[in-house]
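Chemist: Here you go, this is input23.cif (mmCIF, C-alpha atoms).
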```cif
data_model
#
loop_
_atom_site.label_atom_id
_atom_site.label_comp_id
_atom_site.auth_asym_id
_atom_site.auth_seq_id
_atom_site.Cartn_x
_atom_site.Cartn_y
_atom_site.Cartn_z
CA MET A 24 363.09 218.29 252.15
CA ARG A 25 363.84 221.89 251.16
CA HIS A 26 364.70 220.61 247.69
CA LEU A 27 361.34 218.86 247.47
CA GLU A 28 359.50 222.04 248.50
CA ALA A 29 361.46 224.10 246.04
CA ALA A 30 360.63 221.58 243.30
CA ALA A 31 356.92 221.72 244.20
CA ILE A 32 356.86 225.51 244.12
CA GLY A 33 358.76 225.48 240.84
CA LEU A 34 356.27 223.02 239.36
CA VAL A 35 353.29 225.15 240.36
CA PHE A 36 355.01 228.26 239.01
CA ALA A 37 355.66 226.49 235.70
CA ILE A 38 352.01 225.35 235.41
CA ALA A 39 350.71 228.85 236.22
CA SER A 40 353.13 230.45 233.73
CA ALA A 41 352.10 228.03 231.00
CA TYR A 42 348.44 228.84 231.67
CA MET A 43 349.10 232.59 231.56
CA VAL A 44 351.08 232.29 228.32
CA ALA A 45 348.24 230.27 226.76
CA LEU A 46 345.69 232.82 227.95
CA THR A 47 347.70 235.74 226.55
CA ALA A 48 348.19 233.96 223.24
CA ARG A 49 344.45 233.29 223.04
CA GLN A 50 343.68 236.95 223.60
CA GLY A 51 346.39 238.09 221.19
CA ALA A 52 345.01 235.87 218.44
CA GLY A 53 341.57 237.48 218.62
CA ALA A 54 340.84 240.16 216.03
CA SER A 55 340.16 243.47 217.72
CA GLY A 56 336.88 245.21 217.02
CA VAL A 57 338.76 247.96 215.22
CA GLY A 58 340.58 245.37 213.10
CA ALA A 59 337.30 243.71 212.10
CA GLN A 60 335.66 247.05 211.32
CA ARG A 61 338.49 248.23 209.09
CA ALA A 62 338.87 244.85 207.42
CA LEU A 63 335.20 244.91 206.44
CA ALA A 64 335.50 248.54 205.28
CA TRP A 65 338.53 247.69 203.12
CA ALA A 66 336.74 244.68 201.65
CA LEU A 67 333.67 246.82 200.88
CA LEU A 68 335.76 249.42 199.08
CA ASN A 69 337.41 246.83 196.89
CA ALA A 70 334.61 244.38 196.19
CA GLN A 71 330.90 244.37 195.52
CA SER A 72 329.68 240.77 195.82
CA PRO A 73 329.28 238.90 199.16
CA GLU A 74 331.71 236.20 197.97
CA ASN A 75 334.47 238.69 197.16
CA VAL A 76 333.86 240.75 200.31
CA THR A 77 334.11 237.57 202.42
CA ARG A 78 337.31 236.56 200.62
CA LEU A 79 338.94 239.95 201.22
CA VAL A 80 337.90 239.96 204.90
CA SER A 81 339.52 236.54 205.25
CA ILE A 82 342.74 237.87 203.73
CA ALA A 83 342.74 240.95 205.99
CA LEU A 84 342.05 239.01 209.20
CA ASN A 85 344.19 235.97 208.38
CA GLY A 86 345.69 234.46 211.54
CA THR A 87 343.17 235.96 213.93
CA SER A 88 339.95 234.64 215.40
CA TYR A 89 336.88 236.03 213.66
CA GLU A 90 333.63 234.90 212.06
CA VAL A 91 331.98 236.05 208.85
CA HIS A 92 328.22 235.66 208.44
CA VAL A 93 326.41 236.21 205.14
CA LEU A 94 322.70 236.63 205.84
CA ASN A 95 319.54 237.26 203.90
CA TRP A 96 317.39 240.21 204.92
CA GLY A 97 315.54 239.22 208.13
CA GLU A 98 317.76 236.26 208.96
CA PRO A 99 318.98 236.58 212.56
CA LEU A 100 322.64 237.12 213.33
CA GLU A 101 323.77 234.52 215.87
CA PRO A 102 327.47 235.06 216.46
CA LYS A 103 329.76 233.05 218.73
CA LEU A 104 332.19 235.96 219.07
CA PRO A 105 330.84 239.05 220.81
CA PHE A 106 331.81 242.13 218.79
CA CYS A 107 330.16 242.39 215.38
CA TYR A 108 330.15 244.87 212.51
CA GLY A 109 327.69 244.55 209.64
CA ALA A 110 327.28 245.91 206.14
CA ALA A 111 324.52 245.69 203.54
CA LEU A 112 325.48 244.36 200.13
CA VAL A 113 323.14 245.26 197.30
CA ASN A 114 323.06 243.38 194.02
CA ALA A 115 321.91 245.88 191.44
CA THR A 116 320.86 243.35 188.81
CA THR A 117 318.78 241.06 191.02
CA ASN A 118 317.82 243.81 193.51
CA GLU A 119 318.83 241.38 196.25
CA VAL A 120 320.18 242.55 199.61
CA LYS A 121 322.54 240.49 201.76
CA VAL A 122 324.08 241.38 205.08
CA VAL A 123 327.71 240.55 205.77
CA ALA A 124 328.68 240.64 209.43
CA VAL A 125 332.20 240.21 210.79
CA CYS A 126 332.44 239.27 214.46
CA ALA A 127 335.60 239.33 216.53
CA GLY A 128 336.57 238.86 220.12
CA PRO A 129 338.83 236.95 222.46
CA MET B 86 365.36 209.80 268.16
CA GLY B 87 367.17 211.41 265.18
CA VAL B 88 365.43 208.99 262.77
CA LYS B 89 361.97 209.83 264.23
CA ARG B 90 362.62 213.60 263.89
CA GLY B 91 363.71 213.13 260.28
CA THR B 92 360.54 211.18 259.44
CA ALA B 93 358.28 213.83 261.03
CA GLU B 94 360.01 216.62 259.09
CA ARG B 95 359.62 214.69 255.84
CA ARG B 96 355.92 214.13 256.55
CA ARG B 97 355.42 217.86 257.25
CA GLY B 98 357.22 218.63 254.01
CA GLN B 99 355.05 216.20 252.07
CA LEU B 100 351.91 217.76 253.57
CA ALA B 101 353.16 221.23 252.61
CA LEU B 102 353.83 219.98 249.10
CA ILE B 103 350.32 218.52 248.76
CA GLY B 104 348.90 221.80 250.16
CA VAL B 105 350.76 223.87 247.60
CA ILE B 106 349.67 221.59 244.74
CA VAL B 107 346.01 221.65 245.86
CA LEU B 108 346.09 225.45 246.22
CA ALA B 109 347.69 225.90 242.80
CA SER B 110 345.23 223.53 241.14
CA THR B 111 342.30 225.34 242.74
CA LEU B 112 343.61 228.72 241.57
CA ILE B 113 344.14 227.45 238.04
CA ALA B 114 340.68 225.85 237.96
CA LEU B 115 339.11 229.11 239.17
CA LEU B 116 341.04 231.11 236.56
CA SER B 117 339.94 228.77 233.79
CA MET B 118 336.28 229.36 234.71
CA TYR B 119 336.70 233.13 234.63
CA SER B 120 335.28 234.56 231.43
CA LEU B 121 336.77 237.76 230.06
CA GLN B 122 334.43 240.69 229.70
CA PRO B 123 336.46 243.49 228.17
CA LYS B 124 334.92 246.92 227.78
CA VAL B 125 334.60 247.74 224.11
CA ALA B 126 333.93 250.98 222.29
CA TYR B 127 332.72 250.26 218.77
CA GLU B 128 334.63 252.21 216.16
CA ARG B 129 332.56 254.01 213.54
CA GLY B 130 333.77 255.75 210.45
CA HIS B 131 335.61 253.63 207.91
CA LEU B 132 332.86 251.03 207.58
CA GLN B 133 330.00 253.52 207.42
CA ALA B 134 331.75 255.57 204.70
CA ALA B 135 332.68 252.40 202.77
CA GLN B 136 329.04 251.32 203.01
CA LEU B 137 327.98 254.50 201.21
CA VAL B 138 330.59 253.87 198.51
CA HIS B 139 329.17 250.38 198.06
CA LEU B 140 325.59 251.67 197.83
CA THR B 141 326.56 254.30 195.28
CA ARG B 142 328.28 251.72 193.07
CA ALA B 143 325.22 249.45 193.31
CA CYS B 144 322.95 252.37 192.44
CA MET B 145 325.14 253.33 189.47
CA ALA B 146 325.28 249.73 188.25
CA ALA B 147 321.48 249.63 188.27
CA GLY B 148 321.50 252.66 185.94
CA GLY B 149 319.76 256.02 186.17
CA CYS B 150 321.04 256.69 189.67
CA ASP B 151 319.35 259.96 190.61
CA ARG B 152 318.84 261.44 194.08
CA ASP B 153 315.50 259.69 194.63
CA ARG B 154 317.00 256.31 193.89
CA LEU B 155 320.01 257.03 196.08
CA ALA B 156 317.72 258.12 198.92
CA LEU B 157 315.84 254.82 198.53
CA PHE B 158 319.10 252.91 199.02
CA VAL B 159 319.83 254.98 202.15
CA ARG B 160 316.34 254.23 203.52
CA ARG B 161 316.96 250.51 203.01
CA LEU B 162 320.19 250.91 204.93
CA TYR B 163 318.32 252.54 207.82
CA GLN B 164 315.87 249.61 207.88
CA LEU B 165 318.70 247.08 208.08
CA ASN B 166 320.43 249.27 210.66
CA GLN B 167 317.57 248.55 213.09
CA THR B 168 318.30 244.81 213.07
CA TYR B 169 321.97 244.41 212.24
CA PRO B 170 325.10 246.00 213.79
CA MET B 171 325.72 248.59 211.07
CA ARG B 172 325.84 251.65 213.27
CA ALA B 173 324.99 253.87 210.32
CA TYR B 174 325.31 257.62 210.65
CA VAL B 175 322.41 259.92 209.89
CA THR B 176 323.02 260.31 206.14
CA TYR B 177 321.75 262.73 203.52
CA ALA B 178 322.14 262.14 199.77
CA VAL B 179 323.19 265.61 198.62
CA GLN B 180 324.27 264.89 195.06
CA ALA B 181 323.60 261.90 192.82
CA PRO B 182 325.87 260.63 190.02
CA ASN B 183 323.18 261.21 187.38
CA PRO B 184 323.22 263.42 185.46
CA GLY B 185 327.00 263.56 185.25
CA ALA B 186 329.14 266.41 183.97
CA ILE B 187 330.80 266.31 180.55
CA SER B 188 333.83 268.45 179.75
CA LEU B 189 335.73 268.80 176.50
CA LYS B 190 339.40 269.73 176.51
CA GLY B 191 341.39 269.42 173.29
CA GLY B 192 340.34 266.06 171.90
CA THR B 193 339.62 264.59 175.32
CA ILE B 194 336.04 264.15 176.50
CA THR B 195 335.71 263.60 180.24
CA VAL B 196 332.55 262.33 181.94
CA THR B 197 332.45 262.84 185.69
CA ASN B 198 329.79 261.31 187.92
CA ALA B 199 330.08 262.68 191.44
CA THR B 200 328.01 261.51 194.39
CA VAL B 201 328.02 263.37 197.69
CA PHE B 202 326.61 262.25 201.04
CA GLU B 203 326.55 264.31 204.18
CA ILE B 204 326.98 262.31 207.37
CA GLU B 205 326.43 263.41 210.94
CA THR B 206 329.56 262.31 212.78
CA LEU B 207 330.73 263.43 216.22
CA GLN B 208 331.86 266.66 214.58
CA LYS B 209 328.20 267.59 214.17
CA LEU B 210 327.80 267.52 217.96
CA PHE B 211 330.77 269.79 218.57
CA THR B 212 330.81 272.16 215.60
CA GLY B 213 327.34 271.75 214.14
CA SER B 214 328.68 270.92 210.67
CA SER B 215 328.28 267.59 208.90
CA GLU B 216 331.07 265.75 207.12
CA GLU B 217 331.14 264.59 203.55
CA VAL B 218 331.61 261.29 201.71
CA ARG B 219 332.33 261.92 198.04
CA ILE B 220 332.44 259.26 195.32
CA THR B 221 333.76 260.43 191.95
CA VAL B 222 333.78 258.19 188.90
CA ALA B 223 335.64 259.75 185.98
CA THR B 224 336.10 258.53 182.40
CA ALA B 225 338.41 260.45 180.06
CA SER B 226 338.33 259.39 176.40
CA GLU B 227 340.95 260.56 173.92
CA PRO B 228 340.91 259.14 170.36
CA THR B 229 344.36 258.18 169.09
CA GLY B 230 343.30 258.80 165.46
CA ARG B 231 343.80 255.17 164.45
CA ARG B 232 340.98 253.18 162.84
CA TYR B 233 341.01 249.57 161.76
CA SER B 234 338.65 246.83 160.62
CA LYS B 235 337.72 243.79 162.68
CA ARG B 236 335.78 240.74 161.59
CA VAL B 237 333.56 239.09 164.19
CA GLY B 238 331.60 236.17 162.77
CA ASP B 239 330.29 237.30 159.40
CA ARG B 240 330.31 241.01 160.28
CA VAL B 241 333.09 243.52 159.73
CA TYR B 242 333.31 246.44 162.17
CA THR B 243 335.14 249.74 161.90
CA MET B 244 337.08 250.06 165.14
CA VAL B 245 337.97 253.49 166.51
CA GLU B 246 340.95 253.42 168.84
CA VAL B 247 340.47 255.49 172.01
CA LYS B 248 342.73 255.95 175.01
CA VAL B 249 340.56 255.73 178.12
CA THR B 250 341.49 256.73 181.66
CA TYR B 251 339.00 255.36 184.17
CA THR B 252 339.16 256.10 187.91
CA HIS B 253 337.07 255.80 191.06
CA SER B 254 337.98 258.30 193.79
CA TYR B 255 336.49 257.95 197.25
CA SER B 256 337.06 260.67 199.81
CA SER B 257 335.74 260.81 203.35
CA PRO B 258 336.96 262.01 206.76
CA PHE B 259 338.31 258.46 207.27
CA PHE B 260 340.03 257.59 203.99
CA ASN B 261 340.99 258.87 200.56
CA VAL B 262 341.18 256.06 198.05
CA THR B 263 341.61 255.94 194.28
CA LEU B 264 340.80 252.70 192.49
CA CYS B 265 341.42 251.69 188.90
CA PRO B 266 338.66 249.11 188.31
CA SER B 267 339.07 246.68 185.45
CA LEU B 268 336.91 247.04 182.34
CA ARG B 269 335.11 244.50 180.17
CA THR B 270 333.05 244.52 177.01
CA THR B 271 329.41 243.56 177.02
CA ASP B 272 329.25 242.38 173.40
CA GLY B 273 332.67 240.79 172.91
CA VAL B 274 333.40 243.01 169.92
CA ALA B 275 335.45 245.84 171.42
CA ASP B 276 339.20 245.43 171.91
CA LEU B 277 340.61 246.19 175.36
CA LYS B 278 344.20 246.52 176.45
CA ARG B 279 345.39 247.80 179.81
CA LEU B 280 348.22 250.30 179.34
CA GLY B 281 348.75 251.32 182.96
CA LYS B 282 346.90 251.23 186.28
CA CYS B 283 343.98 253.37 185.14
CA ASP B 284 344.82 253.69 181.42
CA TRP B 285 343.26 251.54 178.73
CA LEU B 286 343.46 251.33 174.96
CA VAL B 287 339.98 250.62 173.64
CA GLY B 288 339.00 249.65 170.13
CA ALA B 289 335.35 250.75 169.98
CA PRO B 290 333.14 249.41 167.15
CA LEU B 291 331.64 252.41 165.35
CA GLU B 292 328.61 250.40 164.18
CA LEU B 293 327.68 249.48 167.76
CA SER B 294 328.13 253.05 169.07
CA ARG B 295 325.24 255.45 169.36
CA THR B 296 325.31 259.09 168.43
CA VAL B 297 325.13 261.66 171.22
CA THR B 298 325.55 265.40 171.47
CA VAL B 299 328.51 266.67 173.49
CA ASN B 300 328.58 270.43 174.06
CA GLY B 301 326.52 270.97 170.91
CA ALA B 302 328.72 268.75 168.73
CA GLN B 303 327.91 265.27 167.50
CA ALA B 304 329.88 262.43 169.03
CA TYR B 305 329.68 258.65 169.47
CA ARG B 306 329.19 256.75 172.69
CA TYR B 307 330.16 253.15 173.26
CA ASP B 308 329.58 251.60 176.70
CA LEU B 309 331.90 249.22 178.50
CA LYS B 310 331.30 247.86 182.00
CA ASP B 311 333.62 248.01 184.99
CA GLU B 312 334.17 245.21 187.51
CA PHE B 313 331.34 246.58 189.68
CA GLY B 314 328.84 246.46 186.80
CA ILE B 315 328.85 250.24 186.21
CA ALA B 316 328.49 251.43 182.59
CA VAL B 317 331.67 253.17 181.38
CA PRO B 318 330.96 255.64 178.56
CA VAL B 319 333.65 255.83 175.89
CA LEU B 320 333.02 259.04 173.92
CA PHE B 321 334.64 260.01 170.66
CA ARG B 322 333.95 262.18 167.66
CA GLY B 323 333.10 260.49 164.39
#
```
How would this structure read if it were set down as structure tokens?
Modeler:
Amino acid sequence: MRHLEAAAIGLVFAIASAYMVALTARQGAGASGVGAQRALAWALLNAQSPENVTRLVSIALNGTSYEVHVLNWGEPLEPKLPFCYGAALVNATTNEVKVVAVCAGP
Amino acid sequence: MGVKRGTAERRRGQLALIGVIVLASTLIALLSMYSLQPKVAYERGHLQAAQLVHLTRACMAAGGCDRDRLALFVRRLYQLNQTYPMRAYVTYAVQAPNPGAISLKGGTITVTNATVFEIETLQKLFTGSSEEVRITVATASEPTGRRYSKRVGDRVYTMVEVKVTYTHSYSSPFFNVTLCPSLRTTDGVADLKRLGKCDWLVGAPLELSRTVTVNGAQAYRYDLKDEFGIAVPVLFRG
């Protein structure tokens, strides 16, 4: 009987540990707000068009959970992840303005 | 008697086991419903300074980027800042890239377009002084003395070979970056060869260059474009 109890406790401990490990991994995979902010800053310094900025953000935040939104002026930002940083991208030839927002979070 | 006692103990053990499993499942189910709400302080600095670099490049690419035009770009940024999470600093356009400064040293003509913004960071609260974001675009042109002919279609051009050093320097309280953007021709006539990171060998067609005055002396100007769409003036004496 003691063996059975020990096995039950061990099983519960294993399930709880697995859950905790999964939870930690999920949090660890999220891009931090600071990471998203600096990734967008780095992309802005090195590129001018929304396509290139988005590509560089993807390179900088590869392997983490994040979202990139490219919006027209006035279009609402509806992120799934909670912490967002935005930048305005101006096209000098067409005088068009786009907003690129990078959102991160657990 | 012994058999009965054994059965009762086993039943108690089984009940305890079921209890532990139910408790553990309940705890895990409760944990899975718990949503994380971490406290977050938004970082400002790198992005806001990079945003000003981006605006300056866009303004320069549009041409004739004076202080009024730069201030217009900053006002647009403020408008967007009300809707989107830009967290822009209070920003003043102190110096615009146009008109740039031209210096002549030996045979090298250098054009420098410097843009300066003052931003009100936390330092303003504590010391009362603003911080600075400076964007400097410099083009140094040094003719090698070589000239050659080039046929494009049915036209023959006299090409003047010029060594060009082209840099973008961005300085702010958050980063100091120097870029060597790539160059391209707008008419497909000029010859371009990259010698080093920021060094280029340019064959500029004399017939497509316009005459300008540099420090009282006559010179020629041929424009290339960089990867951000900014005009790059290649200056040389005839």
Chemist: Apply the PyMOL selection byres ((chain A) within 9 of (chain B)) to the displayed file and report the matching residues as a PyMOL selection string.
Modeler: chain A and resi 24-25+27-28+31-32+34-36+38-39+42+56-57+60-72+96-97+99-100+106-116+118+122+124+129
Chemist: Could those residues be written to a file, using C-alpha atoms, as a short mmCIF file (atom, residue, chain, number, x, y, z; two decimals), keeping the file's coordinate frame?
Modeler:
```
data_model
loop_
_atom_site.label_atom_id
_atom_site.label_comp_id
_atom_site.auth_asym_id
_atom_site.auth_seq_id
_atom_site.Cartn_x
_atom_site.Cartn_y
_atom_site.Cartn_z
CA MET A 24 363.09 218.29 252.15
CA ARG A 25 363.84 221.89 251.16
CA LEU A 27 361.34 218.86 247.47
CA GLU A 28 359.50 222.04 248.50
CA ALA A 31 356.92 221.72 244.20
CA ILE A 32 356.86 225.51 244.12
CA LEU A 34 356.27 223.02 239.36
CA VAL A 35 353.29 225.15 240.36
CA PHE A 36 355.01 228.26 239.01
CA ILE A 38 352.01 225.35 235.41
CA ALA A 39 350.71 228.85 236.22
CA TYR A 42 348.44 228.84 231.67
CA GLY A 56 336.88 245.21 217.02
CA VAL A 57 338.76 247.96 215.22
CA GLN A 60 335.66 247.05 211.32
CA ARG A 61 338.49 248.23 209.09
CA ALA A 62 338.87 244.85 207.42
CA LEU A 63 335.20 244.91 206.44
CA ALA A 64 335.50 248.54 205.28
CA TRP A 65 338.53 247.69 203.12
CA ALA A 66 336.74 244.68 201.65
CA LEU A 67 333.67 246.82 200.88
CA LEU A 68 335.76 249.42 199.08
CA ASN A 69 337.41 246.83 196.89
CA ALA A 70 334.61 244.38 196.19
CA GLN A 71 330.90 244.37 195.52
CA SER A 72 329.68 240.77 195.82
CA TRP A 96 317.39 240.21 204.92
CA GLY A 97 315.54 239.22 208.13
CA PRO A 99 318.98 236.58 212.56
CA LEU A 100 322.64 237.12 213.33
CA PHE A 106 331.81 242.13 218.79
CA CYS A 107 330.16 242.39 215.38
CA TYR A 108 330.15 244.87 212.51
CA GLY A 109 327.69 244.55 209.64
CA ALA A 110 327.28 245.91 206.14
CA ALA A 111 324.52 245.69 203.54
CA LEU A 112 325.48 244.36 200.13
CA VAL A 113 323.14 245.26 197.30
CA ASN A 114 323.06 243.38 194.02
CA ALA A 115 321.91 245.88 191.44
CA THR A 116 320.86 243.35 188.81
CA ASN A 118 317.82 243.81 193.51
CA VAL A 122 324.08 241.38 205.08
CA ALA A 124 328.68 240.64 209.43
CA PRO A 129 338.83 236.95 222.46
#
```
Chemist: List every protein, DNA or RNA residue that has an atom no more than 12 Å from (331.7, 243.8, 176.1) in the file's coordinate frame, counting only C-alpha atoms, and report them as a short mmCIF file (atom, residue, chain, number, x, y, z; two decimals) with C-alpha atoms, keeping the file's coordinate frame.
Modeler:
```cif
data_model
loop_
_atom_site.label_atom_id
_atom_site.label_comp_id
_atom_site.auth_asym_id
_atom_site.auth_seq_id
_atom_site.Cartn_x
_atom_site.Cartn_y
_atom_site.Cartn_z
CA LEU B 268 336.91 247.04 182.34
CA ARG B 269 335.11 244.50 180.17
CA THR B 270 333.05 244.52 177.01
CA THR B 271 329.41 243.56 177.02
CA ASP B 272 329.25 242.38 173.40
CA GLY B 273 332.67 240.79 172.91
CA VAL B 274 333.40 243.01 169.92
CA ALA B 275 335.45 245.84 171.42
CA ASP B 276 339.20 245.43 171.91
CA LEU B 277 340.61 246.19 175.36
CA VAL B 287 339.98 250.62 173.64
CA GLY B 288 339.00 249.65 170.13
CA ALA B 289 335.35 250.75 169.98
CA PRO B 290 333.14 249.41 167.15
CA LEU B 293 327.68 249.48 167.76
CA TYR B 307 330.16 253.15 173.26
CA ASP B 308 329.58 251.60 176.70
CA LEU B 309 331.90 249.22 178.50
CA LYS B 310 331.30 247.86 182.00
CA ASP B 311 333.62 248.01 184.99
CA GLU B 312 334.17 245.21 187.51
CA GLY B 314 328.84 246.46 186.80
CA ALA B 316 328.49 251.43 182.59
CA VAL B 317 331.67 253.17 181.38
#
```
Chemist: Here is a test: counting only C-alpha atoms, which residue of B:Thr111, B:Thr197, B:Gln303, B:Ser234 is nearest to Val222 (chain B)?
Modeler: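 That would be B:Thr197, the residue with the smallest distance to Val222 (chain B).
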Chemist: So how far away is CA of Ser254 (chain B) from CA of Lys278 (chain B), in Å?
Modeler: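 Straight-line distance from CA of Lys278 (chain B) to CA of Ser254 (chain B) works out to 21.9 Å.
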Chemist: Can you list, as an mmCIF file with C-alpha atoms, in the frame of the given file, every protein, DNA or RNA residue that comes within 8 Å of Gly230 (chain B) when you count only C-alpha atoms, leaving out same-chain residues fewer than 5 positions away?
Modeler:
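For reference, part04.cif as written:
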```
data_model
loop_
_atom_site.group_PDB
_atom_site.id
_atom_site.type_symbol
_atom_site.label_atom_id
_atom_site.label_comp_id
_atom_site.auth_asym_id
_atom_site.auth_seq_id
_atom_site.Cartn_x
_atom_site.Cartn_y
_atom_site.Cartn_z
ATOM 1 C CA VAL B 245 337.970 253.490 166.510
ATOM 2 C CA GLU B 246 340.950 253.420 168.840
ATOM 3 C CA VAL B 247 340.470 255.490 172.010
#
```
Chemist: Tell me which protein, DNA and RNA residues are within 8 Å of Pro258 (chain B), counting all atoms listed in the file, leaving out same-chain ones fewer than 6 positions away, and put them as number ranges by chain.
Modeler: B: 130, 216-218
Chemist: Could you check how far CA of Thr200 (chain B) sits from CA of Leu157 (chain B), in Å to one decimal?
Modeler: 14.5 Å
Chemist: Residue by residue, what does the PyMOL selection byres ((chain B and resi 174-179) around 6) grab here? Present the result as a PDB file with C-alpha atoms, in the frame of the given file.
Modeler:
```pdb
ATOM      1  CA  ALA B 173     324.990 253.870 210.320  1.00  0.00           C
ATOM      2  CA  GLN B 180     324.270 264.890 195.060  1.00  0.00           C
ATOM      3  CA  VAL B 201     328.020 263.370 197.690  1.00  0.00           C
ATOM      4  CA  PHE B 202     326.610 262.250 201.040  1.00  0.00           C
ATOM      5  CA  GLU B 203     326.550 264.310 204.180  1.00  0.00           C
ATOM      6  CA  ILE B 204     326.980 262.310 207.370  1.00  0.00           C
ATOM      7  CA  GLU B 205     326.430 263.410 210.940  1.00  0.00           C
TER       8      GLU B 205
END
```
Chemist: Could you give me, as a CSV table (one decimal) with C-alpha atoms, in the coordinates of the input, the residues that have an atom at most 9 Å away from the point (339.8, 255.1, 188.3) in the coordinates of the file, using all atoms listed in the file?
Modeler:
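And here is the file that came out, selection.csv:
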```
chain,number,residue,atom,x,y,z
B,221,THR,CA,333.8,260.4,192.0
B,222,VAL,CA,333.8,258.2,188.9
B,223,ALA,CA,335.6,259.8,186.0
B,224,THR,CA,336.1,258.5,182.4
B,250,THR,CA,341.5,256.7,181.7
B,251,TYR,CA,339.0,255.4,184.2
B,252,THR,CA,339.2,256.1,187.9
B,253,HIS,CA,337.1,255.8,191.1
B,254,SER,CA,338.0,258.3,193.8
B,263,THR,CA,341.6,255.9,194.3
B,264,LEU,CA,340.8,252.7,192.5
B,265,CYS,CA,341.4,251.7,188.9
B,266,PRO,CA,338.7,249.1,188.3
B,267,SER,CA,339.1,246.7,185.4
B,282,LYS,CA,346.9,251.2,186.3
B,283,CYS,CA,344.0,253.4,185.1
B,284,ASP,CA,344.8,253.7,181.4
```
Chemist: Just want the 9 Å neighbourhood of region 188-191 of chain B, counted on only C-alpha atoms, with same-chain residues fewer than 6 positions away dropped. Output as a list in words.
Modeler: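 In the requested format, the answer is Thr197, Glu227, Val299 and Asn300 of chain B.
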Chemist: At a cut-off of 7 Å, using all atoms listed in the file, what residues contact Leu104 (chain A)? Leave out same-chain residues fewer than 4 positions from it and give the result as number ranges by chain.
Modeler: A: 126-128
Chemist: Can you work out the spacing between CA of Pro102 (chain A) and CA of Gly58 (chain A) in Å, to one decimal?
Modeler: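 Between CA of Pro102 (chain A) and CA of Gly58 (chain A) the gap works out to 17.0 Å.
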Chemist: Measuring between only C-alpha atoms, which one of A:Ala41, A:Lys121, A:Ile82, A:Ala29 shows the shortest distance to Leu94 (chain A)?
Modeler: A:Lys121
